[in-house]
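> Sharing model.csv (CSV, C-alpha atoms) below.
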chain,number,residue,atom,x,y,z
A,20,MET,CA,21.6,-2.6,-126.0
A,21,ALA,CA,18.9,-0.4,-124.5
A,22,ARG,CA,17.6,2.4,-126.7
A,23,PHE,CA,17.5,5.0,-123.9
A,24,ARG,CA,19.4,4.7,-120.6
A,25,LEU,CA,19.2,8.4,-119.4
A,26,LEU,CA,16.3,10.9,-119.3
A,27,ALA,CA,17.4,14.5,-118.9
A,28,LEU,CA,14.6,16.8,-117.7
A,29,ASP,CA,14.2,20.5,-117.5
A,30,ILE,CA,12.2,21.6,-114.5
A,31,ASP,CA,10.1,24.8,-115.0
A,32,GLY,CA,7.6,24.4,-117.8
A,33,THR,CA,8.5,20.7,-118.2
A,34,LEU,CA,8.4,18.9,-114.9
A,35,VAL,CA,6.5,21.2,-112.7
A,36,ASN,CA,4.0,24.0,-112.8
A,37,LEU,CA,4.2,27.4,-111.2
A,38,ASP,CA,3.5,25.9,-107.8
A,39,ASP,CA,6.3,23.3,-108.2
A,40,GLU,CA,3.7,20.5,-108.5
A,41,ILE,CA,4.2,17.3,-110.6
A,42,SER,CA,1.0,16.1,-112.1
A,43,PRO,CA,-0.3,12.6,-111.3
A,44,ALA,CA,0.1,11.5,-114.9
A,45,THR,CA,3.7,12.7,-114.9
A,46,ARG,CA,4.4,11.0,-111.6
A,47,ALA,CA,3.2,7.7,-112.9
A,48,ALA,CA,5.2,8.1,-116.1
A,49,LEU,CA,8.4,8.8,-114.2
A,50,GLN,CA,7.9,5.7,-112.0
A,51,ARG,CA,7.5,3.6,-115.2
A,52,VAL,CA,10.7,4.9,-116.7
A,53,ALA,CA,12.6,4.4,-113.5
A,54,LEU,CA,11.3,0.8,-113.3
A,55,ALA,CA,12.6,0.3,-116.8
A,56,GLY,CA,16.1,1.0,-115.5
A,57,THR,CA,16.6,4.5,-117.0
A,58,ARG,CA,18.6,7.0,-115.0
A,59,ILE,CA,17.0,10.4,-114.5
A,60,VAL,CA,18.9,13.7,-114.4
A,61,LEU,CA,17.3,17.1,-113.6
A,62,ALA,CA,18.8,20.0,-115.7
A,63,THR,CA,17.5,23.4,-114.8
A,64,GLY,CA,18.3,27.1,-115.1
A,65,ARG,CA,17.4,27.5,-111.4
A,66,ARG,CA,20.1,27.8,-108.8
A,67,TYR,CA,20.8,24.7,-106.8
A,68,GLY,CA,19.2,26.0,-103.6
A,69,ARG,CA,16.0,26.7,-105.5
A,70,ALA,CA,15.8,23.3,-107.1
A,71,VAL,CA,17.2,20.8,-104.6
A,72,HIS,CA,13.8,20.2,-103.0
A,73,LEU,CA,12.5,18.9,-106.3
A,74,ALA,CA,15.5,16.6,-106.7
A,75,HIS,CA,14.5,15.1,-103.3
A,76,THR,CA,10.9,14.8,-104.4
A,77,LEU,CA,11.9,13.0,-107.5
A,78,THR,CA,14.2,10.7,-105.5
A,79,GLU,CA,11.3,9.7,-103.2
A,80,LEU,CA,9.1,9.2,-106.2
A,81,VAL,CA,11.3,7.0,-108.4
A,82,GLY,CA,13.7,5.4,-105.8
A,83,GLN,CA,16.9,6.7,-107.3
A,84,THR,CA,19.2,9.7,-106.5
A,85,CYS,CA,18.8,12.1,-109.4
A,86,PRO,CA,21.8,14.4,-109.9
A,87,LEU,CA,21.0,18.0,-110.2
A,88,VAL,CA,22.4,20.1,-113.1
A,89,SER,CA,21.7,23.7,-112.0
A,90,SER,CA,22.4,27.3,-113.2
A,91,SER,CA,21.9,26.0,-116.8
A,92,GLY,CA,24.9,23.6,-116.5
A,93,ALA,CA,27.3,25.8,-114.5
A,94,LEU,CA,26.9,23.8,-111.3
A,95,VAL,CA,26.2,20.1,-110.8
A,96,LYS,CA,25.7,18.6,-107.3
A,97,ASP,CA,24.6,15.4,-105.7
A,98,PRO,CA,21.4,16.3,-103.8
A,99,ALA,CA,21.9,13.3,-101.4
A,100,ASP,CA,24.8,15.0,-99.7
A,101,HIS,CA,25.1,18.3,-101.5
A,102,ARG,CA,28.5,17.2,-102.9
A,103,THR,CA,29.8,19.3,-105.8
A,104,LEU,CA,30.3,17.2,-108.9
A,105,TYR,CA,31.2,20.0,-111.3
A,106,ARG,CA,31.5,23.8,-111.1
A,107,ALA,CA,32.3,26.1,-113.9
A,108,GLU,CA,34.8,29.0,-113.5
A,109,LEU,CA,34.8,32.6,-114.7
A,110,PRO,CA,38.4,33.9,-115.1
A,111,ARG,CA,38.7,37.0,-112.8
A,112,PRO,CA,39.9,39.5,-115.4
A,113,GLU,CA,37.0,38.7,-117.6
A,114,LEU,CA,34.6,38.7,-114.6
A,115,LEU,CA,35.6,42.2,-113.7
A,116,LYS,CA,35.0,43.4,-117.3
A,117,ILE,CA,31.5,41.7,-117.3
A,118,LEU,CA,30.5,43.2,-114.0
A,119,ALA,CA,31.6,46.6,-115.0
A,120,ALA,CA,29.7,46.4,-118.3
A,121,ILE,CA,26.5,45.3,-116.5
A,122,ASP,CA,26.9,48.2,-114.1
A,123,ALA,CA,27.6,50.7,-117.0
A,124,ALA,CA,24.5,49.6,-118.8
A,125,GLY,CA,22.4,50.5,-115.7
A,126,PHE,CA,21.6,47.0,-114.5
A,127,GLU,CA,22.2,45.2,-111.2
A,128,PRO,CA,24.5,42.1,-111.4
A,129,ILE,CA,23.2,39.1,-109.6
A,130,PHE,CA,25.9,36.4,-109.4
A,131,TYR,CA,26.1,32.8,-108.0
A,132,ALA,CA,28.6,31.0,-105.8
A,133,ASP,CA,28.7,27.3,-104.6
A,134,THR,CA,27.8,28.4,-101.1
A,135,PHE,CA,24.5,26.5,-100.5
A,136,HIS,CA,26.1,25.0,-97.3
A,137,GLU,CA,26.5,28.6,-95.9
A,138,GLY,CA,22.8,29.4,-96.3
A,139,TYR,CA,23.0,31.5,-99.4
A,140,ASP,CA,23.9,31.0,-103.0
A,141,LEU,CA,23.8,34.4,-104.7
A,142,TYR,CA,25.6,37.7,-104.3
A,143,CYS,CA,24.1,41.2,-104.9
A,144,ARG,CA,25.0,44.8,-104.1
A,145,THR,CA,21.6,45.4,-102.4
A,146,VAL,CA,18.3,43.7,-102.0
A,147,ASP,CA,16.5,47.1,-102.3
A,148,VAL,CA,16.8,47.4,-106.1
A,149,ALA,CA,15.2,50.2,-108.1
A,150,CYS,CA,14.2,48.1,-111.2
A,151,PRO,CA,10.7,46.7,-110.6
A,152,LEU,CA,11.4,43.7,-112.7
A,153,LEU,CA,14.4,42.7,-110.6
A,154,ALA,CA,12.5,43.7,-107.4
A,155,GLU,CA,10.0,40.9,-108.2
A,156,PHE,CA,12.9,38.5,-108.2
A,157,MET,CA,14.4,39.8,-105.0
A,158,VAL,CA,11.2,39.5,-103.1
A,159,ARG,CA,11.4,35.7,-103.7
A,160,ASN,CA,15.1,35.4,-103.3
A,161,ALA,CA,16.3,37.8,-100.7
A,162,PRO,CA,16.6,35.0,-98.0
A,163,PHE,CA,19.2,33.3,-100.3
A,164,ALA,CA,21.2,36.5,-101.0
A,165,HIS,CA,24.4,37.7,-99.5
A,166,VAL,CA,24.8,41.5,-99.9
A,167,TRP,CA,28.3,42.4,-101.2
A,168,PRO,CA,28.3,46.2,-101.8
A,169,ARG,CA,31.6,46.1,-103.8
A,170,LEU,CA,30.4,43.3,-106.1
A,171,VAL,CA,31.4,45.2,-109.3
A,172,ASP,CA,35.0,46.1,-108.4
A,173,GLU,CA,35.9,43.6,-105.7
A,174,PRO,CA,33.8,40.5,-106.3
A,175,PRO,CA,34.1,37.6,-103.9
A,176,PRO,CA,36.0,34.4,-104.9
A,177,GLY,CA,34.1,31.5,-106.4
A,178,ILE,CA,31.6,33.3,-108.5
A,179,PHE,CA,30.8,31.0,-111.5
A,180,ALA,CA,27.6,32.4,-113.2
A,181,GLY,CA,24.9,35.0,-112.9
A,182,PHE,CA,22.4,37.2,-114.6
A,183,ALA,CA,20.9,40.7,-115.1
A,184,MET,CA,17.2,41.4,-115.6
A,185,GLY,CA,15.2,43.7,-117.7
A,186,THR,CA,13.1,43.7,-120.9
A,187,ARG,CA,13.8,41.2,-123.6
A,188,ASP,CA,15.4,43.9,-125.9
A,189,GLN,CA,17.5,45.2,-123.1
A,190,MET,CA,18.8,41.8,-122.2
A,191,GLN,CA,19.5,40.8,-125.8
A,192,ALA,CA,21.5,44.1,-126.2
A,193,LEU,CA,23.4,43.3,-123.0
A,194,ALA,CA,24.2,39.8,-124.1
A,195,ASP,CA,25.5,41.1,-127.4
A,196,GLU,CA,27.7,43.7,-125.7
A,197,LEU,CA,29.1,41.1,-123.2
A,198,ASN,CA,30.0,38.8,-126.0
A,199,ARG,CA,31.6,41.6,-127.9
A,200,LEU,CA,33.6,42.7,-124.8
A,201,VAL,CA,34.9,39.2,-124.0
A,202,PRO,CA,34.6,37.1,-127.2
A,203,GLY,CA,34.6,33.4,-126.8
A,204,VAL,CA,34.5,33.5,-123.0
A,205,LEU,CA,30.8,33.3,-122.3
A,206,TYR,CA,27.7,31.2,-122.8
A,207,THR,CA,24.8,33.7,-122.7
A,208,HIS,CA,21.1,33.3,-123.4
A,209,VAL,CA,18.0,35.5,-122.9
A,210,LEU,CA,14.9,33.9,-121.4
A,211,ARG,CA,12.0,34.5,-119.1
A,212,SER,CA,11.3,32.3,-116.1
A,213,PRO,CA,7.5,31.6,-115.8
A,214,LYS,CA,7.8,32.8,-112.2
A,215,TYR,CA,8.9,36.4,-113.2
A,216,THR,CA,7.8,39.2,-115.5
A,217,GLY,CA,11.2,40.3,-116.6
A,218,PHE,CA,13.7,38.6,-118.9
A,219,MET,CA,17.1,37.4,-117.7
A,220,CYS,CA,20.4,37.6,-119.5
A,221,GLU,CA,22.0,34.5,-118.1
A,222,ILE,CA,25.8,34.5,-118.0
A,223,ALA,CA,28.1,31.5,-117.7
A,224,PRO,CA,31.5,30.4,-118.9
A,225,ALA,CA,31.6,29.1,-122.5
A,226,GLY,CA,30.9,25.4,-122.6
A,227,ALA,CA,28.9,25.4,-119.4
A,228,THR,CA,25.6,24.2,-120.8
A,229,LYS,CA,23.0,21.7,-119.6
A,230,TRP,CA,24.0,19.3,-122.4
A,231,ALA,CA,27.7,19.5,-121.5
A,232,ALA,CA,26.8,18.6,-117.9
A,233,VAL,CA,24.5,15.8,-118.9
A,234,LEU,CA,27.2,14.4,-121.2
A,235,ARG,CA,29.8,14.5,-118.4
A,236,MET,CA,27.6,12.3,-116.2
A,237,ALA,CA,26.6,10.0,-119.1
A,238,HIS,CA,30.3,9.4,-119.9
A,239,GLN,CA,30.9,8.3,-116.3
A,240,TRP,CA,28.0,5.9,-116.5
A,241,GLY,CA,29.0,4.5,-119.9
A,242,ILE,CA,26.0,6.0,-121.7
A,243,ALA,CA,26.3,7.2,-125.2
A,244,PRO,CA,24.6,10.4,-126.4
A,245,GLU,CA,22.2,8.5,-128.6
A,246,GLN,CA,21.0,6.7,-125.5
A,247,ILE,CA,19.8,9.9,-124.0
A,248,CYS,CA,16.3,11.4,-124.2
A,249,ALA,CA,16.2,15.1,-123.3
A,250,VAL,CA,13.0,17.1,-122.7
A,251,GLY,CA,12.8,20.9,-122.2
A,252,ASP,CA,10.9,24.1,-123.0
A,253,ASP,CA,13.3,27.0,-123.3
A,254,VAL,CA,16.4,28.3,-125.2
A,255,ASN,CA,18.8,26.9,-122.6
A,256,ASP,CA,17.4,23.5,-123.4
A,257,VAL,CA,18.3,23.7,-127.1
A,258,PRO,CA,21.8,22.1,-126.9
A,259,MET,CA,20.5,19.0,-125.0
A,260,ILE,CA,17.4,18.7,-127.2
A,261,GLU,CA,19.6,18.9,-130.4
A,262,GLY,CA,22.3,16.6,-129.0
A,263,ALA,CA,20.3,13.8,-127.4
A,264,GLY,CA,19.3,10.7,-129.3
A,265,LEU,CA,15.7,11.8,-128.7
A,266,GLY,CA,15.1,15.5,-128.2
A,267,ILE,CA,11.6,16.5,-127.2
A,268,ALA,CA,10.3,20.1,-126.8
A,269,MET,CA,7.2,20.8,-124.7
A,270,GLY,CA,4.2,22.4,-126.5
A,271,ASN,CA,4.6,25.5,-124.4
A,272,ALA,CA,8.2,26.0,-125.7
A,273,PRO,CA,9.1,29.0,-128.0
A,274,GLU,CA,9.2,28.3,-131.7
A,275,GLU,CA,13.0,28.1,-131.9
A,276,VAL,CA,13.0,25.4,-129.2
A,277,ARG,CA,10.3,23.4,-131.0
A,278,ARG,CA,12.2,23.6,-134.3
A,279,ALA,CA,15.2,22.1,-132.6
A,280,ALA,CA,13.3,19.0,-131.4
A,281,ASP,CA,12.7,15.6,-132.9
A,282,ARG,CA,9.2,15.7,-131.5
A,283,VAL,CA,7.0,18.2,-129.8
A,284,ALA,CA,4.9,17.0,-126.9
A,285,PRO,CA,1.7,18.7,-125.6
A,286,ALA,CA,2.1,21.6,-123.2
A,287,LEU,CA,2.9,21.2,-119.5
A,288,ASP,CA,-0.8,21.7,-118.5
A,289,ASP,CA,-1.7,18.9,-120.9
A,290,ASP,CA,0.7,16.4,-119.3
A,291,GLY,CA,3.3,16.9,-122.1
A,292,LEU,CA,6.1,15.2,-120.1
A,293,ALA,CA,4.0,12.1,-119.6
A,294,GLN,CA,3.5,11.9,-123.3
A,295,ALA,CA,7.2,12.4,-124.0
A,296,ILE,CA,8.0,9.6,-121.6
A,297,GLN,CA,5.4,7.4,-123.4
A,298,TRP,CA,7.1,8.1,-126.7
A,299,MET,CA,10.5,7.2,-125.2
A,300,LEU,CA,9.1,3.9,-123.8
A,301,GLU,CA,7.4,3.0,-127.1
A,302,LEU,CA,10.7,3.5,-129.0
A,303,GLU,CA,12.4,1.4,-126.4
A,304,SER,CA,9.8,-1.4,-126.9
A,305,GLU,CA,10.3,-1.2,-130.7
A,306,VAL,CA,14.0,-1.7,-130.3
A,307,SER,CA,13.5,-4.6,-127.9
A,308,SER,CA,11.1,-6.3,-130.3
A,309,THR,CA,13.5,-5.9,-133.2
A,310,ASN,CA,16.3,-7.4,-131.2
A,311,LYS,CA,14.2,-10.4,-130.3
A,312,ALA,CA,13.3,-10.9,-133.9
A,313,LEU,CA,16.9,-10.7,-135.0
A,314,GLY,CA,18.0,-13.1,-132.2
Could I get this file's structure written as structure tokens?


Amino acid sequence: MARFRLLALDIDGTLVNLDDEISPATRAALQRVALAGTRIVLATGRRYGRAVHLAHTLTELVGQTCPLVSSSGALVKDPADHRTLYRAELPRPELLKILAAIDAAGFEPIFYADTFHEGYDLYCRTVDVACPLLAEFMVRNAPFAHVWPRLVDEPPPGIFAGFAMGTRDQMQALADELNRLVPGVLYTHVLRSPKYTGFMCEIAPAGATKWAAVLRMAHQWGIAPEQICAVGDDVNDVPMIEGAGLGIAMGNAPEEVRRAADRVAPALDDDGLAQAIQWMLELESEVSSTNKALG
């Protein structure tokens, strides 16, 4: 049996740089791993609409459709036809409490819906926000936003995840308050996208993680957790790095992510993903050689 049959990849800080570019060395490594018969899944904190172009790029590069786990596991779609494979749900009573708490804390709630086909995929009360950290986000994302002035007290149906933005300390305090308010309901984490200055408190239903989404697809394909290699660089990657048969952190990852990994690759700018894939292929070769010797 093959040592690794699925490669789960984070996007920002792992696969691409700030300009959404994949380095030549990483491109070559991805083609090698695809030729070896390994399935590739992208698992990102980005919304689907902000990541689907990279799924298409990867499909062209490796010759296989790569399912896209977006919003840190809360939404999974097939980029070939934009079909929804999985979508998490936030119970409405708890959602109303969450939105009210974000508003009471002085932050703007930004929440997602599975509405890519309608030309937008996030809801906000306004695009003219006062917080300069969130304003930086809105400049990039206003074309994908649907203004819903009564988002806090009358949210639209279908919202499944979202975030607020501020400083690291503010967002950690908000995460703590939300989990106190609706215990056991949420999966929250505080992180900073390399594209923005501010920190996000990302909010999703409990159990909606990148790793849970990857496992769901692996089960459908008959792939065991120990046959998965996962590579990432931030706190929302920790569950899949810890759960995979081979979990690799990028050298640019925070210390808590590197501690969770079996191995730490070089940083993105030093072609860390290409090295991670090389390790995976070397381990695959070792298993193949052992099987031949035993046979």

> Measure the distance from atom CA of Ala149 of chain A to atom CA of Lys214 of chain A in Å and round it to one decimal.

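Distance between the two atoms: 19.3 Å.
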
> Counting only C-alpha atoms, what is within 9 Å of Leu193 of chain A, bar same-chain residues fewer than 2 positions away, as a PDB file with C-alpha atoms, in the frame of the given file?


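Below is the file that was written, around08.pdb:
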ATOM      1  CA  ALA A 120      29.700  46.400-118.300  1.00  0.00           C
ATOM      2  CA  ILE A 121      26.500  45.300-116.500  1.00  0.00           C
ATOM      3  CA  ALA A 124      24.500  49.600-118.800  1.00  0.00           C
ATOM      4  CA  ALA A 183      20.900  40.700-115.100  1.00  0.00           C
ATOM      5  CA  ASP A 188      15.400  43.900-125.900  1.00  0.00           C
ATOM      6  CA  GLN A 189      17.500  45.200-123.100  1.00  0.00           C
ATOM      7  CA  MET A 190      18.800  41.800-122.200  1.00  0.00           C
ATOM      8  CA  GLN A 191      19.500  40.800-125.800  1.00  0.00           C
ATOM      9  CA  ASP A 195      25.500  41.100-127.400  1.00  0.00           C
ATOM     10  CA  GLU A 196      27.700  43.700-125.700  1.00  0.00           C
ATOM     11  CA  LEU A 197      29.100  41.100-123.200  1.00  0.00           C
ATOM     12  CA  ASN A 198      30.000  38.800-126.000  1.00  0.00           C
ATOM     13  CA  CYS A 220      20.400  37.600-119.500  1.00  0.00           C
TER      14      CYS A 220
END

> May I have the residues within 8 Å of segment 240-256 of chain A as a compact mmCIF listing (two decimals) with C-alpha atoms, in the coordinates of the input, using all atoms listed in the file and disregarding those fewer than 5 positions away in the same chain?


# COMPACT_ATOMS: atom_id res chain seq x y z
CA ALA A 21 18.90 -0.40 -124.50
CA ARG A 22 17.60 2.40 -126.70
CA PHE A 23 17.50 5.00 -123.90
CA ARG A 24 19.40 4.70 -120.60
CA LEU A 25 19.20 8.40 -119.40
CA LEU A 26 16.30 10.90 -119.30
CA ALA A 27 17.40 14.50 -118.90
CA LEU A 28 14.60 16.80 -117.70
CA ASP A 29 14.20 20.50 -117.50
CA ILE A 30 12.20 21.60 -114.50
CA GLY A 32 7.60 24.40 -117.80
CA THR A 33 8.50 20.70 -118.20
CA GLY A 64 18.30 27.10 -115.10
CA SER A 91 21.90 26.00 -116.80
CA HIS A 208 21.10 33.30 -123.40
CA VAL A 209 18.00 35.50 -122.90
CA LEU A 210 14.90 33.90 -121.40
CA THR A 228 25.60 24.20 -120.80
CA LYS A 229 23.00 21.70 -119.60
CA TRP A 230 24.00 19.30 -122.40
CA LEU A 234 27.20 14.40 -121.20
CA GLY A 262 22.30 16.60 -129.00
CA ALA A 263 20.30 13.80 -127.40
CA GLY A 264 19.30 10.70 -129.30
CA LEU A 265 15.70 11.80 -128.70
CA GLY A 266 15.10 15.50 -128.20
CA ILE A 267 11.60 16.50 -127.20
CA ALA A 268 10.30 20.10 -126.80
CA MET A 269 7.20 20.80 -124.70
CA GLY A 270 4.20 22.40 -126.50
CA ASN A 271 4.60 25.50 -124.40
CA ALA A 272 8.20 26.00 -125.70
CA PRO A 273 9.10 29.00 -128.00
CA GLU A 275 13.00 28.10 -131.90
CA VAL A 276 13.00 25.40 -129.20
CA LEU A 292 6.10 15.20 -120.10
CA ALA A 295 7.20 12.40 -124.00
CA MET A 299 10.50 7.20 -125.20

> Please report, as CSV, each residue of segment 23-84 of chain A lying at most 12 Å from segment 93-98 of chain A, together with the nearest pair of atoms and the separation in Å rounded to one decimal; use all atoms listed in the file, and order rows by chain and ascending residue number.


residue,atom,partner,partner_atom,distance
A:Val60,CA,A:Val95,CA,10.4
A:Leu61,CA,A:Val95,CA,9.8
A:Ala62,CA,A:Val95,CA,8.9
A:Thr63,CA,A:Leu94,CA,10.0
A:Gly64,CA,A:Ala93,CA,9.1
A:Arg65,CA,A:Leu94,CA,10.2
A:Arg66,CA,A:Leu94,CA,8.3
A:Tyr67,CA,A:Leu94,CA,7.6
A:Gly68,CA,A:Pro98,CA,9.9
A:Arg69,CA,A:Pro98,CA,11.8
A:Ala70,CA,A:Pro98,CA,9.6
A:Val71,CA,A:Pro98,CA,6.2
A:His72,CA,A:Pro98,CA,8.6
A:Leu73,CA,A:Pro98,CA,9.6
A:Ala74,CA,A:Pro98,CA,6.6
A:His75,CA,A:Pro98,CA,7.0
A:Thr76,CA,A:Pro98,CA,10.6
A:Leu77,CA,A:Pro98,CA,10.7
A:Thr78,CA,A:Pro98,CA,9.3
A:Gln83,CA,A:Pro98,CA,11.2
A:Thr84,CA,A:Pro98,CA,7.5

> Nearest to Val171 of chain A among A:Ala123, A:Val257, A:Ala231, A:Leu205, with distances taken over all atoms listed in the file: which residue is it?

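Of the candidates, the smallest distance to Val171 of chain A is held by A:Ala123.
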
> Please tell me which residues are no farther than 6 Å from (14.9, 44.5, -113.6) in the file, counting all atoms listed in the file, and write them as a list of chain:residue names.

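Returned residue set, sorted by chain then number, is A:Cys150, A:Pro151, A:Leu152, A:Leu153, A:Met184, A:Gly185.
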
> Taking (26.1, 38.3, -111.0) in the file's coordinates as the center, which residues reach within 8 Å of it, counting only C-alpha atoms, put as an mmCIF file with C-alpha atoms, in the coordinates of the input?


data_model
loop_
_atom_site.group_PDB
_atom_site.id
_atom_site.type_symbol
_atom_site.label_atom_id
_atom_site.label_comp_id
_atom_site.auth_asym_id
_atom_site.auth_seq_id
_atom_site.Cartn_x
_atom_site.Cartn_y
_atom_site.Cartn_z
ATOM 1 C CA LEU A 118 30.500 43.200 -114.000
ATOM 2 C CA GLU A 127 22.200 45.200 -111.200
ATOM 3 C CA PRO A 128 24.500 42.100 -111.400
ATOM 4 C CA ILE A 129 23.200 39.100 -109.600
ATOM 5 C CA PHE A 130 25.900 36.400 -109.400
ATOM 6 C CA TYR A 131 26.100 32.800 -108.000
ATOM 7 C CA LEU A 141 23.800 34.400 -104.700
ATOM 8 C CA TYR A 142 25.600 37.700 -104.300
ATOM 9 C CA CYS A 143 24.100 41.200 -104.900
ATOM 10 C CA ILE A 178 31.600 33.300 -108.500
ATOM 11 C CA ALA A 180 27.600 32.400 -113.200
ATOM 12 C CA GLY A 181 24.900 35.000 -112.900
ATOM 13 C CA PHE A 182 22.400 37.200 -114.600
ATOM 14 C CA ALA A 183 20.900 40.700 -115.100
ATOM 15 C CA ILE A 222 25.800 34.500 -118.000
#

> Write out as a list in words which residues come within 9 Å of Arg111 of chain A when counting only C-alpha atoms, dropping same-chain ones fewer than 3 positions away.

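Listed by chain and then number, they are Glu108, Leu114, Leu115, Lys116, Pro174 and Pro176 of chain A.
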
> Quick check, in Å to one decimal: how far apart do atom CA of Ala107 of chain A and atom CA of Thr134 of chain A lie?

13.8 Å

> Pick from A:Arg211, A:Arg58, A:Arg46, A:Arg282: nearest to Phe156 of chain A, with all atoms listed in the file counted?

A:Arg211

> With distances taken over all atoms listed in the file, which residue among A:Glu113, A:Glu274, A:Asp31, A:Asp38 lies nearest Leu200 of chain A?

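For Leu200 of chain A, the nearest of the given residues is A:Glu113.
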
> In Å, how far is it from atom CA of Ala279 of chain A to atom CA of Arg51 of chain A?

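Interatomic distance, atom CA of Ala279 of chain A to atom CA of Arg51 of chain A: 26.5 Å.
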
> Which residue is closest to Asp172 of chain A? Choose from A:Ala192, A:Glu79, A:Ser304, A:Arg144 and count all atoms listed in the file.

A:Arg144

> Given all atoms listed in the file as the basis, pick out the residue of A:Asp100, A:Leu87, A:Arg169, A:Phe135 nearest to Ala119 of chain A.

A:Arg169

> Using all atoms listed in the file, pick whichever of A:Gly203, A:Gly125, A:Pro168, A:Pro224 has the shortest atom-to-atom distance to Ser90 of chain A.

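Among A:Gly203, A:Gly125, A:Pro168, A:Pro224, it is A:Pro224 that comes nearest to Ser90 of chain A.
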
> Mind checking which residues fall within 8 Å of Ala164 of chain A, counting all atoms listed in the file, ignoring those fewer than 2 positions away in the same chain, and posting them as a ChimeraX atom specification?

/A:139-143,146,160-162,166

> For segment 187-198 of chain A, I'd like the enclosing box, axis-aligned and padded by 6 Å on every side, reported as JSON with centre and edge lengths in Å to one decimal.


{"center_x": 21.9, "center_y": 42.0, "center_z": -124.8, "size_x": 28.2, "size_y": 18.4, "size_z": 17.2}
